[in-house]
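Report on one structure; see the data block that follows.
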Amino acid sequence: MRTRTVTAATTLAVLFSSAALAATTPAFADTSALLPVKSTGDIVVDGVHQQVFISDPSNGKIVVADYSGNVLKQLTTDLSGVTGLELSADSGTLYAAVRDLDAVAVVDTATDTETTRYSVGDKPRSVAVANGKLWFGYGDAAEGNIGSVDLTGDHQVTLGQDSSWYSAPILDAAPGTDILVAGDRDLSPASLTSYDVSSGTATQLAHIRTDGSNLGDLQVTPDGKDVVVASGAPYYHQVYKTSDLNEDGKYTSTAYPNAVAIAPDGTVAGGSFAWYDPDIYIFHPGSSEAVRTYDFPNTGTSSGADTLADGGLAWTPDGSRLFAVTYNDADVYSLREYDTPGRAATTVTVNAPATATRAKQLTVTGTVSSTAALPAGTQLAVTRTDLDSPNGKALPAVTVKADGTYSFTDTPPAGGKVTYQVSYAGDADHTAASAKDTVDVSRAKPTLTLNNNGKVYAYGQDVKFTAHLGTTYKNRTVEIWADPFGSDKPNKLAKSGKVDSHGNLSVTLDLKRDTKVTAKFTGDARWQPRSVSSSVGAKVSISMTPSRQYKTKSAWGQKYYVFHKTKNPLFTTKMAYYTGRSQRFDFQVYYQGKWYADDSKYFALATSGISQVEFTGNHKDDVGWRFRVRSDYINGTSGDTVNSTTYGAWKYFTFTS
């Protein structure tokens with residue numbers, strides 16, 4: 001059977017609650033971990049050794065995990081059909097009903113090893129400890145019954161204590177009481193029977209057929225007075241008195257209840273098979289309205305979220321944590337841990353103006369709400385975070401009004417993003433909560449300039465850039481960034497530092513490409529960030545060398561290369577290389593006092609930056625004519641755009657016979 005944990009020491013819960021009064025955040029975060037199981041039958045929590053036991057009937061094993069869900073051990077010694085689990089009063093022994101072995105396995109929780117087995121009735125399903133005996137429900141269809149094992153003597157097994165059950169019932173008993181309750185999972189509507197076991201035998205107190213179907217779980221309250229039942233219908237968790245099984249209230253949850261776990265202080269966790277609604281509802285004892293709910297995430301592929309396994313809830317002995325076994329549409333199981341679920345969920349809202357003027361008063365409002373009433377005079381901590389106080393500055397606490405609202409005023413000394421965080425520390429009955437809102441507080445616009453915009457420089461020229469910063473508050477640092485054109489050159493910080501007494505910061509750059517130079521001021525508490533840019537050009541380096549000439553001469557005011565008519569002139573161009581770059585080769589001829597251009601052609605550069613052009617043909621008709629050529633880089637048509645257009649020097653030549 002699925003049963004709750006036992007209390008190792010009742011004072012632990014008191015100590016934990018007291019410590020939490022001063023806490024602003026939970027001591028532990030909610031966690032989730034995958035389980036190596038194909039099915040689950042039951043879950044119990046051992047508070048002494050801080051471990052969780054989950055039975056897996058399909059794989060015939062018991063998985064042992066720590067409180068974070070890490071698997072410590074898997075007990076797999078022939079436990080086919082293992083289902084119901086129960087811990088001894090001191091948490092030193094785990095009892096497991098093993099259906100296919102007609103036995104109860106006994107496990108030492110200190111070593112997580114099986115120590116013995118009790119041979120019991122056919123197909124045991126559940127186990128419960130009460131009045132020094134281990135009670136078990138057993139029996140196949142039409143053969144249900146209840147038996148017991150004496151834990152104080154020679155472990156005598158007594159069968160046939162109530163043969164009125166259709167099949168093996170599920171059992172539960174509250175520690176320290178003589179009340180045992182059984183329920184039938186295989187009949188609809190479900191039946192319940194309560195027993196007095198003080199005499200050592202199960203004496204029936206009451207029996208009913210409930211108005212619920214598909215019994216998923218049941219648990220007796222710590223005082224033994226009530227039993228809480230999770231059935232597929234009705235759509236709430238039913239409560240019955242154990243003395244006569246008359247109805248004794250209800251816990252309002254949602255459709256298809258399938259699990260219940262009750263903490264030592266009486267806090268009830270009711271679970272349901274719910275794809276689209278909350279899966280777990282937390283109730284204070286006797287209160288029908290939930291103080292907190294949990295909705296599982298969707299880790300599968302269907303539209304519905306993960307769902308709770310039947311009987312898949314268990315508390316830690318101190319009531320500080322709740323464990324849930326869940327699975328998705330691919331039958332992947334998880335162990336989920338929830339911290340301090342017994343506290344009512346609290347919500348804080350903060351509403352601050354979107355914008356405000358620095359050094360002028362503003363008003364912040366908000367609300368605090370909880371599923372359980374907050375104490376009168378509840379106070380909230382307020383923190384302001386801004387550029388002057390990046391780690392936060394505590395402001396005077398604010399008191400919540402009777403209607404759950406609050407308000408306060410503040411005069412922000414700094415501009416920029418100003419965040420107001422309002423926090424409720426929580427108490428023994430309420431979770432901590434906080435919220436924040438941000439105000440965009442005005443700042444003045446500073447003066448920032450940068451020289452040289454639009455200028456073009458020779459290849460490799462050293463150029464001085466000067467940024468000038470006007471009046472600011474505390475920050476006098478400026479950054480100068482250089483971003484050369486081309487995807488292969490990143491934007492780099494060229495210089496960062498405080499401006500001089502005139503507000504200037506300078507850096508000299510070696511320009512080999514067109515470059516965007518940017519000066520940045522990150523702002524301060526009273527002056528906003530600012531950046532300005534200058535885009536400057538850098539030409540390429542170009543040289544052309546003729547060859548194969550037999551002489552040079554000075555003529556018509558220029559240096560001419562003279563070629564014999566039988567030679568083809570060769571012109572070698574050297575240009576700064578860039579991927580895919582070509583030179584433009586210009587050719588002109590002189591006629592009647594004017595230079596006439598032929599069509600320009602583009603020739604690719606080798607990776608060395610070299611491009612050679614040979615002037616071919618029958619040159620006997622070229623004798624006496626004057627020619628000139630040059631190499632150019634044209635931004636855009638030379639294959640790239642990383643430099644400014646650059647024209648090479650003309651080279652003049654002629655032919656002789």
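In the structure tokens, chains take letters A, B, ... by order of appearance, with residues numbered from 1 within each chain and ligands from 1 in the order shown.
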
Please run DSSP on the backbone and report, as a PyMOL selection string, all residues within range 45-288 of chain A that come out as strand (DSSP E). chain A and resi 45-46+51-56+61-66+71-75+82-87+93-98+103-108+113-119+126-130+133-138+145-150+157-158+170-173+179-183+191-196+203-209+213-220+226-233+237-241+247-251+257-262+268-272+280-283

What's around Phe465 in chain A at 8 Å? Count only C-alpha atoms, leave out sequence neighbours fewer than 6 positions away in its own chain, and write the answer as a short mmCIF file (atom, residue, chain, number, x, y, z; two decimals) with all heavy atoms, in the first residue's frame.
```cif
data_model
loop_
_atom_site.label_atom_id
_atom_site.label_comp_id
_atom_site.auth_asym_id
_atom_site.auth_seq_id
_atom_site.Cartn_x
_atom_site.Cartn_y
_atom_site.Cartn_z
N LEU A 450 33.80 63.43 -31.86
CA LEU A 450 34.95 62.69 -32.37
C LEU A 450 35.33 63.27 -33.73
O LEU A 450 34.46 63.48 -34.58
CB LEU A 450 34.60 61.20 -32.51
CG LEU A 450 35.72 60.26 -32.97
CD1 LEU A 450 36.83 60.20 -31.93
CD2 LEU A 450 35.17 58.86 -33.22
N ASN A 451 36.62 63.53 -33.92
CA ASN A 451 37.07 64.22 -35.14
C ASN A 451 37.26 63.26 -36.31
O ASN A 451 37.08 62.05 -36.19
CB ASN A 451 38.37 64.98 -34.86
CG ASN A 451 39.53 64.05 -34.50
OD1 ASN A 451 39.31 62.92 -34.08
ND2 ASN A 451 40.75 64.54 -34.65
N ASN A 452 37.63 63.84 -37.46
CA ASN A 452 38.08 63.15 -38.69
C ASN A 452 36.97 62.50 -39.51
O ASN A 452 37.29 61.80 -40.49
CB ASN A 452 39.14 62.08 -38.38
CG ASN A 452 40.41 62.69 -37.81
OD1 ASN A 452 40.74 63.84 -38.09
ND2 ASN A 452 41.12 61.91 -37.00
N SER A 506 42.73 60.73 -26.70
CA SER A 506 43.18 60.53 -28.07
C SER A 506 43.82 59.17 -28.23
O SER A 506 44.37 58.59 -27.29
CB SER A 506 44.19 61.62 -28.47
OG SER A 506 43.61 62.91 -28.41
N VAL A 507 43.78 58.67 -29.48
CA VAL A 507 44.46 57.45 -29.85
C VAL A 507 44.89 57.56 -31.30
O VAL A 507 44.22 58.21 -32.11
CB VAL A 507 43.54 56.22 -29.66
CG1 VAL A 507 42.37 56.25 -30.62
CG2 VAL A 507 44.32 54.92 -29.81
N THR A 508 46.04 56.98 -31.62
CA THR A 508 46.55 57.00 -32.99
C THR A 508 46.36 55.62 -33.61
O THR A 508 46.78 54.61 -33.03
CB THR A 508 48.03 57.40 -33.03
OG1 THR A 508 48.17 58.73 -32.50
CG2 THR A 508 48.56 57.37 -34.46
N LEU A 509 45.74 55.59 -34.79
CA LEU A 509 45.45 54.33 -35.47
C LEU A 509 46.22 54.25 -36.78
O LEU A 509 46.36 55.25 -37.50
CB LEU A 509 43.96 54.21 -35.76
CG LEU A 509 43.01 54.26 -34.55
CD1 LEU A 509 41.57 54.18 -35.02
CD2 LEU A 509 43.33 53.13 -33.59
#
```

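Each of A:Tyr591, A:Tyr118, A:Tyr560, A:Tyr251 was checked against Pro285 in chain A using only C-alpha atoms; the smallest atom-to-atom distance is that of A:Tyr251.
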
Residue nearest Lys574 in chain A among A:Phe603, A:Tyr561, A:Trp595, A:Tyr327 (counting only C-alpha atoms):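 Nearest to Lys574 in chain A: A:Phe603.
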
Tell me which protein, DNA and RNA residues are within 10 Å of Arg384 in chain A, counting only C-alpha atoms, leaving out same-chain ones fewer than 3 positions away, and put them as a PyMOL selection string. chain A and resi 389-395+410+412+418-422+436+438

Expected file contents, prior selection, N, CA and C atoms, as an mmCIF file, in the first residue's frame:
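again-v3.cif, freshly written:
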```cif
data_model
loop_
_atom_site.group_PDB
_atom_site.id
_atom_site.type_symbol
_atom_site.label_atom_id
_atom_site.label_comp_id
_atom_site.auth_asym_id
_atom_site.auth_seq_id
_atom_site.Cartn_x
_atom_site.Cartn_y
_atom_site.Cartn_z
ATOM 1 N N SER A 389 23.760 52.612 -6.302
ATOM 2 C CA SER A 389 23.681 51.498 -5.342
ATOM 3 C C SER A 389 23.423 50.208 -6.117
ATOM 4 N N PRO A 390 24.438 49.716 -6.842
ATOM 5 C CA PRO A 390 24.226 48.524 -7.674
ATOM 6 C C PRO A 390 23.931 47.270 -6.866
ATOM 7 N N ASN A 391 24.327 47.245 -5.601
ATOM 8 C CA ASN A 391 24.046 46.098 -4.744
ATOM 9 C C ASN A 391 22.771 46.273 -3.934
ATOM 10 N N GLY A 392 22.070 47.349 -4.175
ATOM 11 C CA GLY A 392 20.805 47.594 -3.489
ATOM 12 C C GLY A 392 20.967 48.412 -2.219
ATOM 13 N N LYS A 393 20.003 49.274 -1.991
ATOM 14 C CA LYS A 393 19.964 50.094 -0.781
ATOM 15 C C LYS A 393 18.618 49.869 -0.105
ATOM 16 N N ALA A 394 18.652 49.499 1.166
ATOM 17 C CA ALA A 394 17.415 49.252 1.906
ATOM 18 C C ALA A 394 16.691 50.565 2.179
ATOM 19 N N LEU A 395 15.403 50.584 1.886
ATOM 20 C CA LEU A 395 14.542 51.729 2.197
ATOM 21 C C LEU A 395 13.680 51.362 3.401
ATOM 22 N N ASP A 410 9.302 57.676 -2.829
ATOM 23 C CA ASP A 410 10.764 57.723 -2.843
ATOM 24 C C ASP A 410 11.202 58.792 -3.830
ATOM 25 N N PRO A 412 14.248 59.247 -6.232
ATOM 26 C CA PRO A 412 15.454 58.585 -6.754
ATOM 27 C C PRO A 412 16.591 59.581 -6.984
ATOM 28 N N VAL A 418 16.042 52.209 -12.450
ATOM 29 C CA VAL A 418 15.938 52.150 -10.988
ATOM 30 C C VAL A 418 14.918 51.064 -10.655
ATOM 31 N N THR A 419 15.337 50.065 -9.882
ATOM 32 C CA THR A 419 14.486 48.915 -9.570
ATOM 33 C C THR A 419 14.078 48.953 -8.111
ATOM 34 N N TYR A 420 12.771 48.789 -7.869
ATOM 35 C CA TYR A 420 12.242 48.678 -6.507
ATOM 36 C C TYR A 420 11.796 47.235 -6.297
ATOM 37 N N GLN A 421 12.424 46.578 -5.336
ATOM 38 C CA GLN A 421 12.049 45.210 -4.978
ATOM 39 C C GLN A 421 11.367 45.216 -3.621
ATOM 40 N N VAL A 422 10.211 44.570 -3.578
ATOM 41 C CA VAL A 422 9.430 44.489 -2.342
ATOM 42 C C VAL A 422 9.351 43.018 -1.948
ATOM 43 N N LYS A 436 9.376 42.832 -8.165
ATOM 44 C CA LYS A 436 10.062 44.097 -8.418
ATOM 45 C C LYS A 436 9.531 44.745 -9.681
ATOM 46 N N THR A 438 10.628 48.222 -12.450
ATOM 47 C CA THR A 438 11.719 49.113 -12.831
ATOM 48 C C THR A 438 11.182 50.413 -13.391
#
```

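Taking CA of Ser657 in chain A and CA of Asp586 in chain A as endpoints, the distance between them is 25.1 Å.
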
So, counting only C-alpha atoms, which residue among A:Asn643, A:Ser442, A:Gln549, A:Thr365 is closest to Phe485 in chain A?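 Nearest to Phe485 in chain A: A:Asn643.
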
What lies within 9 Å of Ser126 in chain A using only C-alpha atoms, ignoring chain neighbours under 2 positions off, as a list in words?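 Skipping anything fewer than 2 positions along the chain leaves Met1, Arg2, Thr83, Gly84, Leu85, Glu86, Ala96, Ala97, Val98, Pro124, Ala128, Trp135, Phe136, Gly137, Tyr138, Ala168, Pro169, Ile170, Leu171 and Asp172 of chain A.
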
CA of Asp196 in chain A to CA of Leu180 in chain A: how many Å, to one decimal?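 Taking CA of Asp196 in chain A as the start and CA of Leu180 in chain A as the end point, the length is 6.5 Å.
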
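Using only C-alpha atoms, the smallest distance between any of A:Asn568, A:Ser213, A:Asn70, A:Thr267 and Ala255 in chain A comes from A:Ser213.
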
Could you state the separation of CA of Thr411 in chain A and CA of Val364 in chain A in Å, given to one decimal place? 10.9 Å

Restricting the calculation to only C-alpha atoms, which member of A:Val82, A:Ala402, A:Val229, A:Ala606 is positioned closest to Arg125 in chain A? A:Val82

Between A:Pro569, A:Ala309, A:Leu374, A:Ser58, which one has atoms that come closest to Leu335 in chain A, using only C-alpha atoms?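 Looking only at the distances to Leu335 in chain A, the closest residue turns out to be A:Ala309.
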
Show which residues sit within 9 Å of Arg292 in chain A, as JSON, numbers by chain. Count only C-alpha atoms, and ignore same-chain residues fewer than 6 positions away. {"A": [280, 281, 282, 283, 341, 342, 343, 344, 345, 371]}

With a distance cut-off of 12 Å and only C-alpha atoms, select the neighbouring residues of range 625-629 of chain A, excluding the residue or stretch itself and same-chain residues fewer than 6 positions from it, and output the selection as a PyMOL selection string. chain A and resi 543-546+555-556+558-563+565+569-573+584-601+613-615+619+647-657

Long-range neighbours of Ser535 in chain A as a list of chain:residue names, 8 Å cut-off, only C-alpha atoms, 2 positions minimum in chain: A:Asn452, A:Asn453, A:Gly454, A:Lys455, A:Asp514, A:Thr515, A:Lys516, A:Val517, A:Ser533, A:Gly537

Writer output for current selection, all heavy atoms, as a short mmCIF file (atom, residue, chain, number, x, y, z; two decimals), in the first residue's frame:
```
data_model
loop_
_atom_site.label_atom_id
_atom_site.label_comp_id
_atom_site.auth_asym_id
_atom_site.auth_seq_id
_atom_site.Cartn_x
_atom_site.Cartn_y
_atom_site.Cartn_z
N ASN A 452 37.63 63.84 -37.46
CA ASN A 452 38.08 63.15 -38.69
C ASN A 452 36.97 62.50 -39.51
O ASN A 452 37.29 61.80 -40.49
CB ASN A 452 39.14 62.08 -38.38
CG ASN A 452 40.41 62.69 -37.81
OD1 ASN A 452 40.74 63.84 -38.09
ND2 ASN A 452 41.12 61.91 -37.00
N ASN A 453 35.73 62.69 -39.19
CA ASN A 453 34.68 62.03 -39.95
C ASN A 453 34.74 62.42 -41.42
O ASN A 453 34.85 63.60 -41.77
CB ASN A 453 33.31 62.39 -39.38
CG ASN A 453 32.19 61.62 -40.06
OD1 ASN A 453 32.29 60.41 -40.25
ND2 ASN A 453 31.13 62.32 -40.43
N GLY A 454 34.67 61.41 -42.30
CA GLY A 454 34.61 61.65 -43.74
C GLY A 454 35.95 61.81 -44.43
O GLY A 454 35.99 61.89 -45.67
N LYS A 455 37.04 61.82 -43.71
CA LYS A 455 38.35 62.02 -44.32
C LYS A 455 38.87 60.71 -44.91
O LYS A 455 38.50 59.61 -44.46
CB LYS A 455 39.33 62.58 -43.31
CG LYS A 455 38.96 63.97 -42.79
CD LYS A 455 39.98 64.48 -41.80
CE LYS A 455 39.62 65.87 -41.28
NZ LYS A 455 40.62 66.37 -40.29
N ASP A 514 39.23 51.11 -44.73
CA ASP A 514 38.18 52.02 -44.28
C ASP A 514 37.77 51.57 -42.88
O ASP A 514 37.66 50.36 -42.61
CB ASP A 514 36.98 51.96 -45.21
CG ASP A 514 37.29 52.49 -46.60
OD1 ASP A 514 38.38 53.04 -46.80
OD2 ASP A 514 36.43 52.32 -47.49
N THR A 515 37.54 52.50 -42.00
CA THR A 515 37.33 52.16 -40.59
C THR A 515 36.25 53.05 -39.98
O THR A 515 36.22 54.26 -40.23
CB THR A 515 38.63 52.31 -39.79
OG1 THR A 515 39.64 51.49 -40.37
CG2 THR A 515 38.44 51.91 -38.34
N LYS A 516 35.39 52.40 -39.18
CA LYS A 516 34.44 53.15 -38.38
C LYS A 516 35.00 53.26 -36.98
O LYS A 516 35.21 52.25 -36.30
CB LYS A 516 33.08 52.45 -38.35
CG LYS A 516 32.03 53.19 -37.54
CD LYS A 516 30.70 52.44 -37.55
CE LYS A 516 29.65 53.18 -36.73
NZ LYS A 516 28.36 52.46 -36.71
N VAL A 517 35.26 54.47 -36.55
CA VAL A 517 35.81 54.73 -35.23
C VAL A 517 34.69 55.28 -34.36
O VAL A 517 33.99 56.22 -34.76
CB VAL A 517 36.99 55.71 -35.30
CG1 VAL A 517 37.59 55.93 -33.91
CG2 VAL A 517 38.06 55.19 -36.25
N SER A 533 30.30 58.40 -33.81
CA SER A 533 31.19 57.68 -34.71
C SER A 533 31.71 58.58 -35.82
O SER A 533 31.05 59.54 -36.24
CB SER A 533 30.47 56.48 -35.33
OG SER A 533 30.08 55.55 -34.35
N GLY A 537 38.23 56.90 -44.53
CA GLY A 537 38.66 56.03 -45.60
C GLY A 537 40.15 55.78 -45.57
O GLY A 537 40.94 56.62 -45.09
#
```
